[in-house]
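Pasting upload32.cif here (mmCIF, C-alpha atoms, pLDDT in the B column; chains and numbers go by the auth columns):
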```cif
data_query
loop_
_atom_site.group_PDB
_atom_site.id
_atom_site.type_symbol
_atom_site.label_atom_id
_atom_site.label_comp_id
_atom_site.label_asym_id
_atom_site.label_seq_id
_atom_site.Cartn_x
_atom_site.Cartn_y
_atom_site.Cartn_z
_atom_site.B_iso_or_equiv
_atom_site.auth_seq_id
_atom_site.auth_asym_id
ATOM 1 C CA MET A 1 4.968 10.857 -5.116 81.00 1 A
ATOM 2 C CA ALA A 2 4.204 8.217 -2.484 93.00 2 A
ATOM 3 C CA TYR A 3 1.169 5.973 -2.474 97.00 3 A
ATOM 4 C CA ARG A 4 -1.446 5.588 0.256 97.00 4 A
ATOM 5 C CA ILE A 5 -3.996 2.941 1.127 98.00 5 A
ATOM 6 C CA THR A 6 -7.663 3.974 1.235 98.00 6 A
ATOM 7 C CA ASP A 7 -10.514 2.678 3.386 97.00 7 A
ATOM 8 C CA ALA A 8 -11.326 0.155 0.634 98.00 8 A
ATOM 9 C CA CYS A 9 -8.448 -1.994 1.976 97.00 9 A
ATOM 10 C CA ILE A 10 -9.547 -5.483 3.069 97.00 10 A
ATOM 11 C CA SER A 11 -6.193 -6.246 4.759 97.00 11 A
ATOM 12 C CA CYS A 12 -5.352 -9.153 2.453 97.00 12 A
ATOM 13 C CA GLY A 13 -1.609 -8.363 2.572 96.00 13 A
ATOM 14 C CA SER A 14 -0.956 -8.820 -1.140 97.00 14 A
ATOM 15 C CA CYS A 15 0.440 -5.293 -1.399 98.00 15 A
ATOM 16 C CA ALA A 16 3.008 -5.822 1.353 97.00 16 A
ATOM 17 C CA ALA A 17 4.337 -8.922 -0.382 96.00 17 A
ATOM 18 C CA GLN A 18 4.964 -6.918 -3.574 96.00 18 A
ATOM 19 C CA CYS A 19 6.678 -3.866 -2.047 98.00 19 A
ATOM 20 C CA PRO A 20 10.420 -3.900 -2.898 98.00 20 A
ATOM 21 C CA ALA A 21 11.129 -1.246 -0.236 98.00 21 A
ATOM 22 C CA GLU A 22 9.170 -3.018 2.521 98.00 22 A
ATOM 23 C CA ALA A 23 7.299 0.257 3.081 98.00 23 A
ATOM 24 C CA ILE A 24 3.953 -1.439 3.795 98.00 24 A
ATOM 25 C CA SER A 25 3.007 -2.750 7.204 98.00 25 A
ATOM 26 C CA GLU A 26 -0.123 -3.925 8.956 96.00 26 A
ATOM 27 C CA GLY A 27 -1.803 -1.109 10.852 95.00 27 A
ATOM 28 C CA ASP A 28 -4.554 -1.258 13.461 94.00 28 A
ATOM 29 C CA THR A 29 -7.438 -1.510 10.989 93.00 29 A
ATOM 30 C CA GLN A 30 -5.740 -1.879 7.592 96.00 30 A
ATOM 31 C CA TYR A 31 -2.337 -1.885 5.937 97.00 31 A
ATOM 32 C CA VAL A 32 -0.402 1.402 5.792 97.00 32 A
ATOM 33 C CA ILE A 33 2.406 2.752 3.611 98.00 33 A
ATOM 34 C CA ASP A 34 5.367 4.637 5.082 97.00 34 A
ATOM 35 C CA ALA A 35 5.605 7.619 2.727 96.00 35 A
ATOM 36 C CA ASP A 36 9.278 8.212 3.591 96.00 36 A
ATOM 37 C CA THR A 37 10.221 4.680 2.530 97.00 37 A
ATOM 38 C CA CYS A 38 7.885 4.342 -0.471 97.00 38 A
ATOM 39 C CA LEU A 39 9.704 4.272 -3.833 97.00 39 A
ATOM 40 C CA SER A 40 6.543 5.300 -5.757 97.00 40 A
ATOM 41 C CA CYS A 41 7.010 2.313 -8.056 97.00 41 A
ATOM 42 C CA GLY A 42 3.326 1.333 -8.067 97.00 42 A
ATOM 43 C CA ALA A 43 3.918 -2.401 -7.584 97.00 43 A
ATOM 44 C CA CYS A 44 1.531 -2.440 -4.629 98.00 44 A
ATOM 45 C CA ALA A 45 -1.245 -0.651 -6.515 98.00 45 A
ATOM 46 C CA GLU A 46 -1.021 -3.123 -9.390 97.00 46 A
ATOM 47 C CA GLN A 47 -1.347 -6.049 -6.974 96.00 47 A
ATOM 48 C CA CYS A 48 -4.281 -4.719 -4.902 98.00 48 A
ATOM 49 C CA PRO A 49 -7.507 -6.633 -5.714 97.00 49 A
ATOM 50 C CA MET A 50 -9.647 -3.789 -4.329 98.00 50 A
ATOM 51 C CA SER A 51 -7.877 -0.872 -6.088 98.00 51 A
ATOM 52 C CA ALA A 52 -7.425 0.562 -2.600 98.00 52 A
ATOM 53 C CA ILE A 53 -3.956 2.006 -3.240 98.00 53 A
ATOM 54 C CA VAL A 54 -3.721 5.438 -4.845 98.00 54 A
ATOM 55 C CA GLU A 55 -1.040 8.055 -5.435 95.00 55 A
ATOM 56 C CA ASP A 56 -0.971 10.583 -2.615 88.00 56 A
#
```
Would you kindly transcribe this structure into structure tokens?
Amino acid sequence: MAYRITDACISCGSCAAQCPAEAISEGDTQYVIDADTCLSCGACAEQCPMSAIVED
């Protein structure tokens, strides 16, 4: 199951740096996760200081 980034995202970029699949990119207002590329490993969620990344 892929992860998604909620509105709690502060666009710090720490999640993107941790993603081994490079599935996270900067969107218009916050970072976004490409569900087709996401490995569902949870590395991004563990790194997020705002707990803004949840399983979809």
Residue nearest Gln47 of chain A - candidates A:Met1, A:Ala16, A:Ala8, A:Ala21, atoms counted: only C-alpha atoms: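 Of A:Met1, A:Ala16, A:Ala8, A:Ala21, the one nearest Gln47 of chain A, counting only C-alpha atoms, is A:Ala16.
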Can you work out which one of A:Ile53, A:Arg4, A:Ser11, A:Ala43 has the shortest atom-to-atom distance to Asp28 of chain A, counting only C-alpha atoms?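 Smallest distance to Asp28 of chain A is found for A:Ser11.
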Distance criterion (only C-alpha atoms): nearest to Ala17 of chain A out of A:Asp56, A:Ser51, A:Ser40, A:Ala45: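 Among the listed residues, A:Ala45 lies closest to Ala17 of chain A.
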Pick from A:Pro49, A:Ala23, A:Cys38, A:Tyr31: nearest to Ile5 of chain A, with only C-alpha atoms counted?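 Nearest candidate to Ile5 of chain A out of A:Pro49, A:Ala23, A:Cys38, A:Tyr31: A:Tyr31.
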Distance in Å - atom CA of Ala52 of chain A versus atom CA of Ile10 of chain A: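 Rounded to one decimal, the two atoms are 8.6 Å apart.
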Do you have the atom CA of Asp34 of chain A-atom CA of Gly13 of chain A distance handy?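 Separation between atom CA of Asp34 of chain A and atom CA of Gly13 of chain A: 15.0 Å.
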Using all atoms listed in the file, which of A:Cys41, A:Ala2, A:Met50, A:Cys12 sits nearest Ser25 of chain A?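 Under the stated criterion, the closest residue is A:Cys12.
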Rounded to one decimal place, report the atom CA of Pro20 of chain A-atom CA of Asp7 of chain A distance in Å.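 Computing it gives 22.8 Å between the two atoms.
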Mind completing segment 8-27 of chain A with N, CA and C atoms? Output as an mmCIF file, in the frame of the given file, please?
```cif
data_model
loop_
_atom_site.group_PDB
_atom_site.id
_atom_site.type_symbol
_atom_site.label_atom_id
_atom_site.label_comp_id
_atom_site.auth_asym_id
_atom_site.auth_seq_id
_atom_site.Cartn_x
_atom_site.Cartn_y
_atom_site.Cartn_z
ATOM 1 N N ALA A 8 -10.865 1.329 1.378
ATOM 2 C CA ALA A 8 -11.326 0.155 0.634
ATOM 3 C C ALA A 8 -10.466 -1.077 0.911
ATOM 4 N N CYS A 9 -9.368 -0.905 1.644
ATOM 5 C CA CYS A 9 -8.448 -1.994 1.976
ATOM 6 C C CYS A 9 -9.166 -3.085 2.768
ATOM 7 N N ILE A 10 -8.962 -4.339 2.356
ATOM 8 C CA ILE A 10 -9.547 -5.483 3.069
ATOM 9 C C ILE A 10 -8.482 -6.248 3.862
ATOM 10 N N SER A 11 -7.305 -5.673 3.989
ATOM 11 C CA SER A 11 -6.193 -6.246 4.759
ATOM 12 C C SER A 11 -5.796 -7.645 4.301
ATOM 13 N N CYS A 12 -5.732 -7.840 2.988
ATOM 14 C CA CYS A 12 -5.352 -9.153 2.453
ATOM 15 C C CYS A 12 -3.838 -9.365 2.478
ATOM 16 N N GLY A 13 -3.060 -8.266 2.496
ATOM 17 C CA GLY A 13 -1.609 -8.363 2.572
ATOM 18 C C GLY A 13 -0.889 -8.536 1.254
ATOM 19 N N SER A 14 -1.622 -8.606 0.150
ATOM 20 C CA SER A 14 -0.956 -8.820 -1.140
ATOM 21 C C SER A 14 -0.055 -7.650 -1.524
ATOM 22 N N CYS A 15 -0.379 -6.463 -1.084
ATOM 23 C CA CYS A 15 0.440 -5.293 -1.399
ATOM 24 C C CYS A 15 1.796 -5.361 -0.692
ATOM 25 N N ALA A 16 1.773 -5.753 0.566
ATOM 26 C CA ALA A 16 3.008 -5.822 1.353
ATOM 27 C C ALA A 16 3.994 -6.815 0.750
ATOM 28 N N ALA A 17 3.482 -7.900 0.221
ATOM 29 C CA ALA A 17 4.337 -8.922 -0.382
ATOM 30 C C ALA A 17 5.012 -8.416 -1.649
ATOM 31 N N GLN A 18 4.429 -7.433 -2.319
ATOM 32 C CA GLN A 18 4.964 -6.918 -3.574
ATOM 33 C C GLN A 18 5.881 -5.713 -3.410
ATOM 34 N N CYS A 19 5.915 -5.100 -2.239
ATOM 35 C CA CYS A 19 6.678 -3.866 -2.047
ATOM 36 C C CYS A 19 8.180 -4.149 -1.958
ATOM 37 N N PRO A 20 8.976 -3.653 -2.927
ATOM 38 C CA PRO A 20 10.420 -3.900 -2.898
ATOM 39 C C PRO A 20 11.136 -3.119 -1.799
ATOM 40 N N ALA A 21 10.511 -2.062 -1.277
ATOM 41 C CA ALA A 21 11.129 -1.246 -0.236
ATOM 42 C C ALA A 21 10.654 -1.633 1.165
ATOM 43 N N GLU A 22 9.763 -2.602 1.246
ATOM 44 C CA GLU A 22 9.170 -3.018 2.521
ATOM 45 C C GLU A 22 8.575 -1.823 3.266
ATOM 46 N N ALA A 23 7.894 -0.954 2.516
ATOM 47 C CA ALA A 23 7.299 0.257 3.081
ATOM 48 C C ALA A 23 5.882 0.036 3.592
ATOM 49 N N ILE A 24 5.334 -1.159 3.412
ATOM 50 C CA ILE A 24 3.953 -1.439 3.795
ATOM 51 C C ILE A 24 3.932 -2.351 5.010
ATOM 52 N N SER A 25 3.136 -1.946 5.992
ATOM 53 C CA SER A 25 3.007 -2.750 7.204
ATOM 54 C C SER A 25 1.541 -2.808 7.623
ATOM 55 N N GLU A 26 1.243 -3.769 8.485
ATOM 56 C CA GLU A 26 -0.123 -3.925 8.956
ATOM 57 C C GLU A 26 -0.395 -2.917 10.059
ATOM 58 N N GLY A 27 -1.412 -2.089 9.849
ATOM 59 C CA GLY A 27 -1.803 -1.109 10.852
ATOM 60 C C GLY A 27 -2.882 -1.677 11.756
#
```
